[in-house]
Amino acid sequence: MAEASYKYIILGGGVAAGYAAREFVKLGLKSGELAIISKEAVAPYERPALSKAYLFPEGAARLPGFHVCVGSGGERQLPEWYFEKGIELILSTEVVKADLSSKTLTSAEGKTFKYEVLIIATGATVIKLSDFGVQGADAKGIHYLREIDEADALIAALKSKKEGSAVVVGGGYIGLELAAVLRINKYKVKMVYPEPWCMPRLFTADIASFYEGYYKGKGVEIVKGTVATGFSTDEEGHVKIVKLKDGRELEADIVIVGVGARPLTRLFKDQLEEEKGGIKTDAFFKTSIPDVYAVGDVATFPMKIYGDVRRVEHVDHARKSAAQAVQAIKAKEEGKSIEAYDYLPFFYSRSFDLSWQFYGDNTGEAIIFGDNNPATPKAKFGSYWIKDGKIVGVFLENGTPEENKAIAKVALVQPVVESTEQLIKEGLAFASKI
Ligand SMILES: Cc1cc2nc3c(=O)[nH]c(=O)nc-3n(C[C@H](O)[C@H](O)[C@H](O)COP(=O)(O)OP(=O)(O)OC[C@H]3O[C@@H](n4cnc5c(N)ncnc54)[C@H](O)[C@@H]3O)c2cc1C
């Protein structure tokens, strides 16, 4: 069987892989030293586009338009870019076995790849309703979204039935973004989730009431406090009805499920230490085995600012952790050292004409400021989270670039709050003083 050897292999061809490749090139890479092995058929791209402009009925984003690193204002790395830099892009290739003791990866076709240094960037995979044994969850017309081929399948479904009915299962950011884009595609949309409000992992009731009100205004029907327990199909096995736990039945031509993701660690089971569901790393993204690094969604790393360890499933961290790992690898080769990863959590989402950013930690007591009335055009509001008398997290809807920069600084500096009432009164103006 064929065998290939590289100094560096990045396993996975998503966001982190693309940004790691850029960092290798920046720091000096010889032709033939680096290979990226990816299950996907396309070069690394900015994954967040898949639930946003990629699904627009008109003027949709398409590759090569959103290959990395355009999402952070960097150069767009077309497949030619990798070729010119002497990086081997091994696409449509799933690695099914990783033997870390012999430094060998094996693909589904039986090809083996040897490395000196491995960067694991396998990301995460969607949690499926069939994982919970939900009856009928394998019916045709039930969609998930992680990779571009799944987005293409969704587009084909939308084209095959114009202005149909969709049920979105899950009230997280993927559910919210997809509900919006389905409405833009003129679908009738119902969202179902068990929690008392959407995005409960980040949003407070006050924040969520704005988005739920806004979505209702856009014609999205929200069904809360219950879950999908089964699906009925037509004679061709295509989904028709979503059965809810509370006994209700919702008609659907399309079902989209966004109930979370699970880090892809299984190739390394019993070979690498894990923590909080991810591959445990240090502040340089080194795993428990020498010369093996893990970055992006798959890594559980020390969060210096909060003195704990976390796994972060957001694009900003995927980009920055990739750069940090490559800098650490290169520094080690040169006998140098670099600073430990010091990450300020940053999440964002966009849907309809809404756009929010969040920085820091959503722990402690939250206060809301500004106008969170969903009927207000271009409403601007936010929240501060206060813990031990200091602001530790800030959320802002509809911020300008300067305002978003200001809230990021607040989350980083963690200013002391003298008076909560004063803070509520000052709102965003407080951030601009920091
Ligand atoms: C639809 C969608 C929208 C999102 N929107 C936002 C957003 O608005 N804001 C935000 O902050 N974050 C968002 N995210 C999260 C963000 O995209 C991820 O955090 C980021 O992509 C993680 O990068 P990664 O490189 O770790 O993983 P990924 O980008 O998922 O890349 C993993 C790659 O590894 C490949 N792979 C996995 N296993 C194997 C194997 N065994 N062999 C070969 N290849 C393999 C996969 O095919 C994939 O190409 C979104 C995610 C999705 C799915």
# chains A, B, ... in the order shown; residues from 1 in each chain; ligands from 1
$ select_by_dssp --residues "region 115-320 of chain A" --states "alpha helix (DSSP H)" --output "PyMOL selection string"
chain A and resi 148-160+173-184+205-217+315-320
$ write_last_selection --atoms "C-alpha atoms" --output "short mmCIF file (atom, residue, chain, number, x, y, z; two decimals), in the first residue's frame"
data_model
loop_
_atom_site.label_atom_id
_atom_site.label_comp_id
_atom_site.auth_asym_id
_atom_site.auth_seq_id
_atom_site.Cartn_x
_atom_site.Cartn_y
_atom_site.Cartn_z
CA ILE A 148 -20.34 22.16 2.76
CA ASP A 149 -21.89 19.04 1.22
CA GLU A 150 -24.62 19.20 3.89
CA ALA A 151 -25.24 22.84 3.01
CA ASP A 152 -25.48 21.84 -0.67
CA ALA A 153 -28.02 19.13 0.20
CA LEU A 154 -30.08 21.73 2.06
CA ILE A 155 -29.96 24.11 -0.91
CA ALA A 156 -31.12 21.30 -3.22
CA ALA A 157 -34.03 20.58 -0.84
CA LEU A 158 -35.01 24.25 -0.74
CA LYS A 159 -34.95 24.39 -4.54
CA SER A 160 -36.99 21.21 -4.95
CA TYR A 173 -27.03 29.80 17.30
CA ILE A 174 -27.18 27.36 14.39
CA GLY A 175 -30.96 26.98 14.89
CA LEU A 176 -31.43 30.74 15.03
CA GLU A 177 -29.28 31.43 11.97
CA LEU A 178 -30.96 28.67 9.97
CA ALA A 179 -34.48 29.76 10.96
CA ALA A 180 -33.64 33.24 9.66
CA VAL A 181 -32.18 32.04 6.39
CA LEU A 182 -35.17 29.73 5.79
CA ARG A 183 -37.51 32.71 6.22
CA ILE A 184 -35.36 34.63 3.74
CA ALA A 205 -34.05 35.94 29.46
CA ASP A 206 -33.80 39.68 28.65
CA ILE A 207 -31.48 39.15 25.70
CA ALA A 208 -33.49 36.21 24.38
CA SER A 209 -36.80 38.09 24.59
CA PHE A 210 -35.46 40.56 22.02
CA TYR A 211 -34.46 37.84 19.52
CA GLU A 212 -37.61 35.80 20.05
CA GLY A 213 -39.74 38.92 19.56
CA TYR A 214 -37.77 39.90 16.48
CA TYR A 215 -38.08 36.42 14.98
CA LYS A 216 -41.82 36.38 15.65
CA GLY A 217 -42.05 39.72 13.85
CA VAL A 315 -14.19 30.35 14.87
CA ASP A 316 -12.04 33.04 16.50
CA HIS A 317 -10.45 30.48 18.82
CA ALA A 318 -9.99 28.02 15.92
CA ARG A 319 -7.95 30.65 14.09
CA LYS A 320 -5.91 31.80 17.08
#
$ residues_around --residues "Val68 (chain A)" --least-positions-apart "6" --cutoff "12 Å" --atoms "only C-alpha atoms" --output "compact mmCIF listing (two decimals) with all heavy atoms, in the first residue's frame"
# COMPACT_ATOMS: atom_id res chain seq x y z
N GLY A 13 -9.30 19.56 7.55
CA GLY A 13 -9.06 20.65 6.58
C GLY A 13 -10.07 21.77 6.74
O GLY A 13 -10.60 22.29 5.77
N GLY A 14 -10.35 22.15 8.01
CA GLY A 14 -11.31 23.21 8.26
C GLY A 14 -10.63 24.53 8.57
O GLY A 14 -9.53 24.82 8.08
N VAL A 15 -11.29 25.31 9.41
CA VAL A 15 -10.82 26.66 9.72
C VAL A 15 -9.41 26.62 10.32
O VAL A 15 -8.49 27.30 9.87
CB VAL A 15 -11.80 27.36 10.68
CG1 VAL A 15 -11.22 28.69 11.14
CG2 VAL A 15 -13.16 27.55 10.02
N ALA A 16 -9.24 25.82 11.37
CA ALA A 16 -7.96 25.79 12.07
C ALA A 16 -6.84 25.35 11.12
O ALA A 16 -5.74 25.91 11.15
CB ALA A 16 -8.03 24.87 13.28
N ALA A 17 -7.12 24.37 10.26
CA ALA A 17 -6.10 23.88 9.33
C ALA A 17 -5.63 25.00 8.40
O ALA A 17 -4.42 25.18 8.19
CB ALA A 17 -6.66 22.72 8.51
N GLY A 18 -6.57 25.76 7.88
CA GLY A 18 -6.22 26.85 6.96
C GLY A 18 -5.37 27.91 7.63
O GLY A 18 -4.39 28.39 7.06
N TYR A 19 -5.74 28.26 8.85
CA TYR A 19 -4.98 29.30 9.56
C TYR A 19 -3.62 28.76 10.03
O TYR A 19 -2.64 29.52 10.09
CB TYR A 19 -5.80 29.87 10.73
CG TYR A 19 -6.82 30.89 10.26
CD1 TYR A 19 -7.99 30.49 9.62
CD2 TYR A 19 -6.60 32.25 10.40
CE1 TYR A 19 -8.92 31.41 9.15
CE2 TYR A 19 -7.52 33.19 9.93
CZ TYR A 19 -8.68 32.76 9.31
OH TYR A 19 -9.59 33.69 8.84
N ALA A 20 -3.56 27.47 10.32
CA ALA A 20 -2.26 26.87 10.69
C ALA A 20 -1.32 26.89 9.50
O ALA A 20 -0.13 27.21 9.62
CB ALA A 20 -2.47 25.44 11.20
N ALA A 21 -1.86 26.59 8.31
CA ALA A 21 -1.04 26.59 7.10
C ALA A 21 -0.46 27.98 6.87
O ALA A 21 0.72 28.15 6.54
CB ALA A 21 -1.87 26.15 5.89
N ARG A 22 -1.31 28.99 7.06
CA ARG A 22 -0.83 30.37 6.88
C ARG A 22 0.31 30.68 7.84
O ARG A 22 1.31 31.31 7.45
CB ARG A 22 -1.99 31.35 7.12
CG ARG A 22 -1.52 32.79 7.06
CD ARG A 22 -2.65 33.76 7.10
NE ARG A 22 -3.13 33.99 8.46
CZ ARG A 22 -3.92 35.02 8.79
NH1 ARG A 22 -4.33 35.85 7.86
NH2 ARG A 22 -4.32 35.17 10.01
N VAL A 42 -12.99 20.18 -0.54
CA VAL A 42 -12.55 21.54 -0.89
C VAL A 42 -11.50 22.03 0.11
O VAL A 42 -11.42 21.55 1.24
CB VAL A 42 -13.75 22.53 -0.90
CG1 VAL A 42 -14.72 22.17 -2.01
CG2 VAL A 42 -14.47 22.54 0.45
N ALA A 43 -10.72 23.03 -0.35
CA ALA A 43 -9.69 23.61 0.52
C ALA A 43 -10.36 24.32 1.70
O ALA A 43 -11.53 24.70 1.62
CB ALA A 43 -8.85 24.60 -0.30
N PRO A 44 -9.61 24.52 2.81
CA PRO A 44 -10.19 25.14 4.01
C PRO A 44 -10.95 26.43 3.72
O PRO A 44 -10.50 27.27 2.94
CB PRO A 44 -8.96 25.42 4.88
CG PRO A 44 -8.00 24.33 4.51
CD PRO A 44 -8.20 24.13 3.03
N TYR A 45 -12.12 26.54 4.34
CA TYR A 45 -12.97 27.72 4.12
C TYR A 45 -13.53 28.18 5.46
O TYR A 45 -13.43 27.49 6.47
CB TYR A 45 -14.12 27.37 3.14
CG TYR A 45 -14.99 26.22 3.60
CD1 TYR A 45 -16.11 26.44 4.39
CD2 TYR A 45 -14.67 24.89 3.27
CE1 TYR A 45 -16.90 25.38 4.83
CE2 TYR A 45 -15.45 23.83 3.71
CZ TYR A 45 -16.56 24.08 4.49
OH TYR A 45 -17.32 23.04 4.94
N GLU A 46 -14.13 29.37 5.43
CA GLU A 46 -14.68 29.97 6.65
C GLU A 46 -16.05 29.33 6.91
O GLU A 46 -17.06 29.73 6.33
CB GLU A 46 -14.80 31.50 6.47
CG GLU A 46 -13.49 32.20 6.15
CD GLU A 46 -12.55 32.36 7.35
OE1 GLU A 46 -12.89 31.91 8.46
OE2 GLU A 46 -11.45 32.94 7.15
N ARG A 47 -16.06 28.34 7.79
CA ARG A 47 -17.26 27.53 8.02
C ARG A 47 -18.50 28.34 8.40
O ARG A 47 -19.62 27.99 7.99
CB ARG A 47 -16.95 26.47 9.10
CG ARG A 47 -17.97 25.37 9.21
CD ARG A 47 -17.47 24.18 10.01
NE ARG A 47 -16.22 23.61 9.56
CZ ARG A 47 -16.06 22.88 8.45
NH1 ARG A 47 -17.10 22.61 7.69
NH2 ARG A 47 -14.87 22.43 8.10
N PRO A 48 -18.37 29.43 9.20
CA PRO A 48 -19.58 30.17 9.59
C PRO A 48 -20.45 30.63 8.41
O PRO A 48 -21.64 30.84 8.57
CB PRO A 48 -19.02 31.37 10.37
CG PRO A 48 -17.77 30.84 10.99
CD PRO A 48 -17.18 29.95 9.92
N ALA A 49 -19.86 30.78 7.23
CA ALA A 49 -20.65 31.22 6.06
C ALA A 49 -21.76 30.24 5.71
O ALA A 49 -22.77 30.62 5.11
CB ALA A 49 -19.73 31.41 4.86
N GLY A 74 -7.83 38.42 6.05
CA GLY A 74 -6.54 37.98 5.51
C GLY A 74 -6.64 37.59 4.04
O GLY A 74 -7.69 37.74 3.40
N GLU A 75 -5.52 37.07 3.53
CA GLU A 75 -5.47 36.66 2.13
C GLU A 75 -6.36 35.43 1.92
O GLU A 75 -6.43 34.55 2.79
CB GLU A 75 -4.01 36.30 1.77
CG GLU A 75 -3.82 35.97 0.30
CD GLU A 75 -2.42 35.42 -0.01
OE1 GLU A 75 -1.51 35.53 0.86
OE2 GLU A 75 -2.22 34.90 -1.12
N ARG A 76 -7.01 35.38 0.77
CA ARG A 76 -7.86 34.23 0.45
C ARG A 76 -6.97 33.11 -0.10
O ARG A 76 -6.31 33.28 -1.12
CB ARG A 76 -8.90 34.66 -0.59
CG ARG A 76 -9.91 33.60 -0.91
CD ARG A 76 -11.11 34.24 -1.54
NE ARG A 76 -10.72 35.07 -2.67
CZ ARG A 76 -11.20 34.92 -3.91
NH1 ARG A 76 -12.08 34.01 -4.17
NH2 ARG A 76 -10.79 35.72 -4.88
N GLN A 77 -6.93 31.99 0.61
CA GLN A 77 -6.05 30.89 0.22
C GLN A 77 -6.80 29.93 -0.71
O GLN A 77 -7.49 29.01 -0.26
CB GLN A 77 -5.53 30.18 1.48
CG GLN A 77 -4.64 31.09 2.33
CD GLN A 77 -4.34 30.56 3.73
OE1 GLN A 77 -3.86 31.32 4.57
NE2 GLN A 77 -4.59 29.31 4.01
N LEU A 78 -6.62 30.16 -2.00
CA LEU A 78 -7.24 29.29 -3.00
C LEU A 78 -6.44 27.97 -3.03
O LEU A 78 -5.30 27.92 -2.54
CB LEU A 78 -7.18 29.96 -4.37
CG LEU A 78 -7.89 31.31 -4.47
CD1 LEU A 78 -7.65 31.95 -5.82
CD2 LEU A 78 -9.39 31.14 -4.22
N PRO A 79 -6.96 26.93 -3.66
CA PRO A 79 -6.19 25.68 -3.75
C PRO A 79 -4.79 25.93 -4.35
O PRO A 79 -3.81 25.31 -3.91
CB PRO A 79 -7.05 24.81 -4.68
CG PRO A 79 -8.44 25.32 -4.45
CD PRO A 79 -8.33 26.79 -4.17
N TRP A 81 -2.90 28.42 -3.88
CA TRP A 81 -2.03 28.99 -2.84
C TRP A 81 -1.24 27.86 -2.17
O TRP A 81 -0.02 27.97 -1.96
CB TRP A 81 -2.89 29.74 -1.82
CG TRP A 81 -2.12 30.39 -0.69
CD1 TRP A 81 -1.60 31.65 -0.66
CD2 TRP A 81 -1.79 29.80 0.58
NE1 TRP A 81 -0.97 31.88 0.55
CE2 TRP A 81 -1.08 30.76 1.33
CE3 TRP A 81 -2.03 28.55 1.17
CZ2 TRP A 81 -0.61 30.52 2.62
CZ3 TRP A 81 -1.55 28.31 2.45
CH2 TRP A 81 -0.85 29.29 3.16
N TYR A 82 -1.94 26.77 -1.85
CA TYR A 82 -1.28 25.64 -1.17
C TYR A 82 -0.23 25.03 -2.10
O TYR A 82 0.87 24.69 -1.68
CB TYR A 82 -2.32 24.59 -0.73
CG TYR A 82 -3.29 25.14 0.29
CD1 TYR A 82 -4.46 25.81 -0.11
CD2 TYR A 82 -3.04 25.03 1.66
CE1 TYR A 82 -5.34 26.33 0.83
CE2 TYR A 82 -3.92 25.56 2.60
CZ TYR A 82 -5.07 26.21 2.17
OH TYR A 82 -5.94 26.74 3.10
N VAL A 315 -15.15 30.21 15.95
CA VAL A 315 -14.19 30.35 14.87
C VAL A 315 -12.96 31.17 15.27
O VAL A 315 -11.85 30.89 14.83
CB VAL A 315 -14.91 30.91 13.61
CG1 VAL A 315 -15.29 32.36 13.77
CG2 VAL A 315 -14.11 30.68 12.37
N ALA A 318 -10.57 28.97 16.89
CA ALA A 318 -9.99 28.02 15.92
C ALA A 318 -8.81 28.69 15.20
O ALA A 318 -7.73 28.09 15.05
CB ALA A 318 -11.04 27.57 14.91
N ARG A 319 -9.02 29.92 14.80
CA ARG A 319 -7.95 30.65 14.09
C ARG A 319 -6.75 30.89 14.99
O ARG A 319 -5.60 30.64 14.60
CB ARG A 319 -8.49 32.02 13.62
CG ARG A 319 -9.58 31.93 12.59
CD ARG A 319 -10.23 33.29 12.43
NE ARG A 319 -11.29 33.24 11.43
CZ ARG A 319 -12.34 34.07 11.41
NH1 ARG A 319 -12.46 35.02 12.32
NH2 ARG A 319 -13.25 33.98 10.47
$ residues_near_ligand --ligand "ligand 1" --cutoff "6 Å" --atoms "only C-alpha atoms and all ligand atoms" --output "mmCIF file with C-alpha atoms, in the first residue's frame"
data_model
loop_
_atom_site.group_PDB
_atom_site.id
_atom_site.type_symbol
_atom_site.label_atom_id
_atom_site.label_comp_id
_atom_site.auth_asym_id
_atom_site.auth_seq_id
_atom_site.Cartn_x
_atom_site.Cartn_y
_atom_site.Cartn_z
ATOM 1 C CA LEU A 11 -5.353 16.229 10.228
ATOM 2 C CA GLY A 12 -8.576 17.996 9.226
ATOM 3 C CA GLY A 13 -9.062 20.650 6.580
ATOM 4 C CA GLY A 14 -11.314 23.214 8.263
ATOM 5 C CA VAL A 15 -10.817 26.660 9.715
ATOM 6 C CA ALA A 16 -7.956 25.792 12.068
ATOM 7 C CA ALA A 17 -6.097 23.881 9.327
ATOM 8 C CA ILE A 37 -5.530 15.717 5.080
ATOM 9 C CA SER A 38 -9.234 16.468 4.864
ATOM 10 C CA LYS A 39 -12.405 14.466 4.518
ATOM 11 C CA GLU A 40 -13.955 17.415 2.691
ATOM 12 C CA ARG A 47 -17.261 27.527 8.018
ATOM 13 C CA PRO A 48 -19.580 30.168 9.587
ATOM 14 C CA LEU A 50 -22.538 27.921 5.661
ATOM 15 C CA SER A 51 -25.431 28.941 7.902
ATOM 16 C CA THR A 93 -9.566 11.572 2.302
ATOM 17 C CA GLU A 94 -10.859 10.348 5.624
ATOM 18 C CA VAL A 95 -8.340 9.138 8.151
ATOM 19 C CA VAL A 96 -9.799 6.088 9.881
ATOM 20 C CA ALA A 121 -7.722 19.797 13.716
ATOM 21 C CA THR A 122 -10.647 17.430 13.268
ATOM 22 C CA GLY A 123 -13.218 19.858 14.685
ATOM 23 C CA ALA A 124 -16.577 18.533 15.756
ATOM 24 C CA LEU A 145 -25.268 21.312 8.970
ATOM 25 C CA ARG A 146 -21.566 21.093 9.572
ATOM 26 C CA GLY A 296 -9.746 24.424 17.334
ATOM 27 C CA ASP A 297 -13.000 22.808 18.457
ATOM 28 C CA VAL A 298 -11.291 19.571 19.480
ATOM 29 C CA GLU A 313 -16.395 25.856 19.646
ATOM 30 C CA HIS A 314 -16.023 29.205 17.925
ATOM 31 C CA VAL A 315 -14.189 30.347 14.868
ATOM 32 C CA ASP A 316 -12.035 33.037 16.499
ATOM 33 C CA ALA A 318 -9.987 28.021 15.916
ATOM 34 C CA PHE A 347 -18.399 34.742 19.934
ATOM 35 C CA TYR A 348 -20.617 36.349 17.323
ATOM 36 C CA SER A 349 -23.620 35.606 15.200
#
$ residues_around --residues "Gly427 (chain A)" --least-positions-apart "6" --cutoff "9 Å" --atoms "only C-alpha atoms" --output "mmCIF file with C-alpha atoms, in the first residue's frame"
data_model
loop_
_atom_site.group_PDB
_atom_site.id
_atom_site.type_symbol
_atom_site.label_atom_id
_atom_site.label_comp_id
_atom_site.auth_asym_id
_atom_site.auth_seq_id
_atom_site.Cartn_x
_atom_site.Cartn_y
_atom_site.Cartn_z
ATOM 1 C CA ILE A 368 -29.223 44.756 30.517
ATOM 2 C CA PHE A 369 -28.799 48.218 29.012
ATOM 3 C CA GLY A 370 -30.131 50.012 25.950
ATOM 4 C CA PHE A 381 -28.757 46.974 23.512
ATOM 5 C CA GLY A 382 -26.372 44.889 25.518
ATOM 6 C CA SER A 383 -25.559 43.161 28.766
ATOM 7 C CA TYR A 384 -22.764 43.241 31.288
#
$ residues_around --residues "Gly364 (chain A)" --least-positions-apart "5" --cutoff "8 Å" --atoms "only C-alpha atoms" --output "PyMOL selection string"
chain A and resi 385-388
$ select_by_dssp --residues "region 141-352 of chain A" --states "strand (DSSP E)" --output "count of residues only"
63
$ closest_residue --among "A:Gly360, A:Leu89, A:Asp253, A:Ala429" --to "Ser165 (chain A)" --atoms "only C-alpha atoms"
A:Asp253
$ atom_distance --atom1 "CA of Ala60 (chain A)" --atom2 "CA of Asp353 (chain A)"
15.5 Å
$ residues_around --residues "Ile254 (chain A)" --least-positions-apart "6" --cutoff "7 Å" --atoms "only C-alpha atoms" --output "ChimeraX atom specification"
/A:141-142,165-167
$ write_last_selection --atoms "C-alpha atoms" --output "short mmCIF file (atom, residue, chain, number, x, y, z; two decimals), in the first residue's frame"
data_model
loop_
_atom_site.label_atom_id
_atom_site.label_comp_id
_atom_site.auth_asym_id
_atom_site.auth_seq_id
_atom_site.Cartn_x
_atom_site.Cartn_y
_atom_site.Cartn_z
CA GLY A 141 -35.60 15.58 4.48
CA ILE A 142 -34.03 15.74 7.96
CA SER A 165 -42.70 24.44 5.57
CA ALA A 166 -39.66 23.91 7.75
CA VAL A 167 -39.22 22.89 11.36
#
$ closest_residue --among "A:Asn185, A:Thr112, A:Gln135, A:Thr420" --to "Glu163 (chain A)" --atoms "only C-alpha atoms"
A:Asn185
$ residues_around --residues "Gly225 (chain A)" --least-positions-apart "3" --cutoff "7 Å" --atoms "only C-alpha atoms" --output "VMD selection string"
chain A and resid 193 to 196
$ write_last_selection --atoms "all heavy atoms" --output "tab-separated table (two decimals), in the first residue's frame"
chain	number	residue	atom	x	y	z
A	193	TYR	N	-37.72	24.11	20.73
A	193	TYR	CA	-36.64	23.83	21.68
A	193	TYR	C	-37.19	23.67	23.09
A	193	TYR	O	-38.21	24.26	23.44
A	193	TYR	CB	-35.51	24.87	21.63
A	193	TYR	CG	-35.91	26.32	21.55
A	193	TYR	CD1	-36.13	27.05	22.72
A	193	TYR	CD2	-36.02	26.97	20.33
A	193	TYR	CE1	-36.46	28.40	22.65
A	193	TYR	CE2	-36.35	28.30	20.26
A	193	TYR	CZ	-36.57	29.02	21.41
A	193	TYR	OH	-36.90	30.34	21.35
A	194	PRO	N	-36.51	22.88	23.90
A	194	PRO	CA	-37.06	22.56	25.23
A	194	PRO	C	-36.87	23.65	26.28
A	194	PRO	O	-37.61	23.70	27.26
A	194	PRO	CB	-36.27	21.30	25.63
A	194	PRO	CG	-34.99	21.38	24.87
A	194	PRO	CD	-35.31	22.09	23.59
A	195	GLU	N	-35.89	24.52	26.05
A	195	GLU	CA	-35.55	25.48	27.10
A	195	GLU	C	-36.58	26.61	27.15
A	195	GLU	O	-37.34	26.82	26.21
A	195	GLU	CB	-34.16	26.09	26.82
A	195	GLU	CG	-33.03	25.08	26.85
A	195	GLU	CD	-32.75	24.46	25.48
A	195	GLU	OE1	-33.50	24.73	24.52
A	195	GLU	OE2	-31.78	23.67	25.38
A	196	PRO	N	-36.57	27.39	28.25
A	196	PRO	CA	-37.54	28.50	28.36
A	196	PRO	C	-37.23	29.65	27.39
A	196	PRO	O	-38.09	30.48	27.14
A	196	PRO	CB	-37.41	28.96	29.81
A	196	PRO	CG	-36.12	28.41	30.30
A	196	PRO	CD	-35.80	27.19	29.50
$ atom_distance --atom1 "CA of Gly110 (chain A)" --atom2 "CA of Glu80 (chain A)"
26.8 Å
$ residues_around --residues "Glu333 (chain A)" --least-positions-apart "6" --cutoff "12 Å" --atoms "only C-alpha atoms" --output "list of chain:residue names"
A:Lys7, A:Leu27, A:Gly28, A:Glu116, A:Val117, A:Asp291, A:Val326, A:Gln327
$ atom_distance --atom1 "CA of His67 (chain A)" --atom2 "CA of Phe113 (chain A)"
25.2 Å
$ closest_atom_pairs --of "region 284-379 of chain A" --to "region 393-402 of chain A" --cutoff "6 Å" --atoms "only C-alpha atoms" --output "JSON lines"
{"residue": "A:Ser355", "atom": "CA", "partner": "A:Asn398", "partner_atom": "CA", "distance": 5.4}
{"residue": "A:Trp356", "atom": "CA", "partner": "A:Glu397", "partner_atom": "CA", "distance": 4.2}
{"residue": "A:Gln357", "atom": "CA", "partner": "A:Leu396", "partner_atom": "CA", "distance": 5.5}
{"residue": "A:Phe358", "atom": "CA", "partner": "A:Phe395", "partner_atom": "CA", "distance": 4.3}
{"residue": "A:Tyr359", "atom": "CA", "partner": "A:Val394", "partner_atom": "CA", "distance": 5.5}
{"residue": "A:Gly360", "atom": "CA", "partner": "A:Gly393", "partner_atom": "CA", "distance": 4.3}
{"residue": "A:Asp361", "atom": "CA", "partner": "A:Gly393", "partner_atom": "CA", "distance": 4.6}
{"residue": "A:Asn362", "atom": "CA", "partner": "A:Gly393", "partner_atom": "CA", "distance": 5.4}
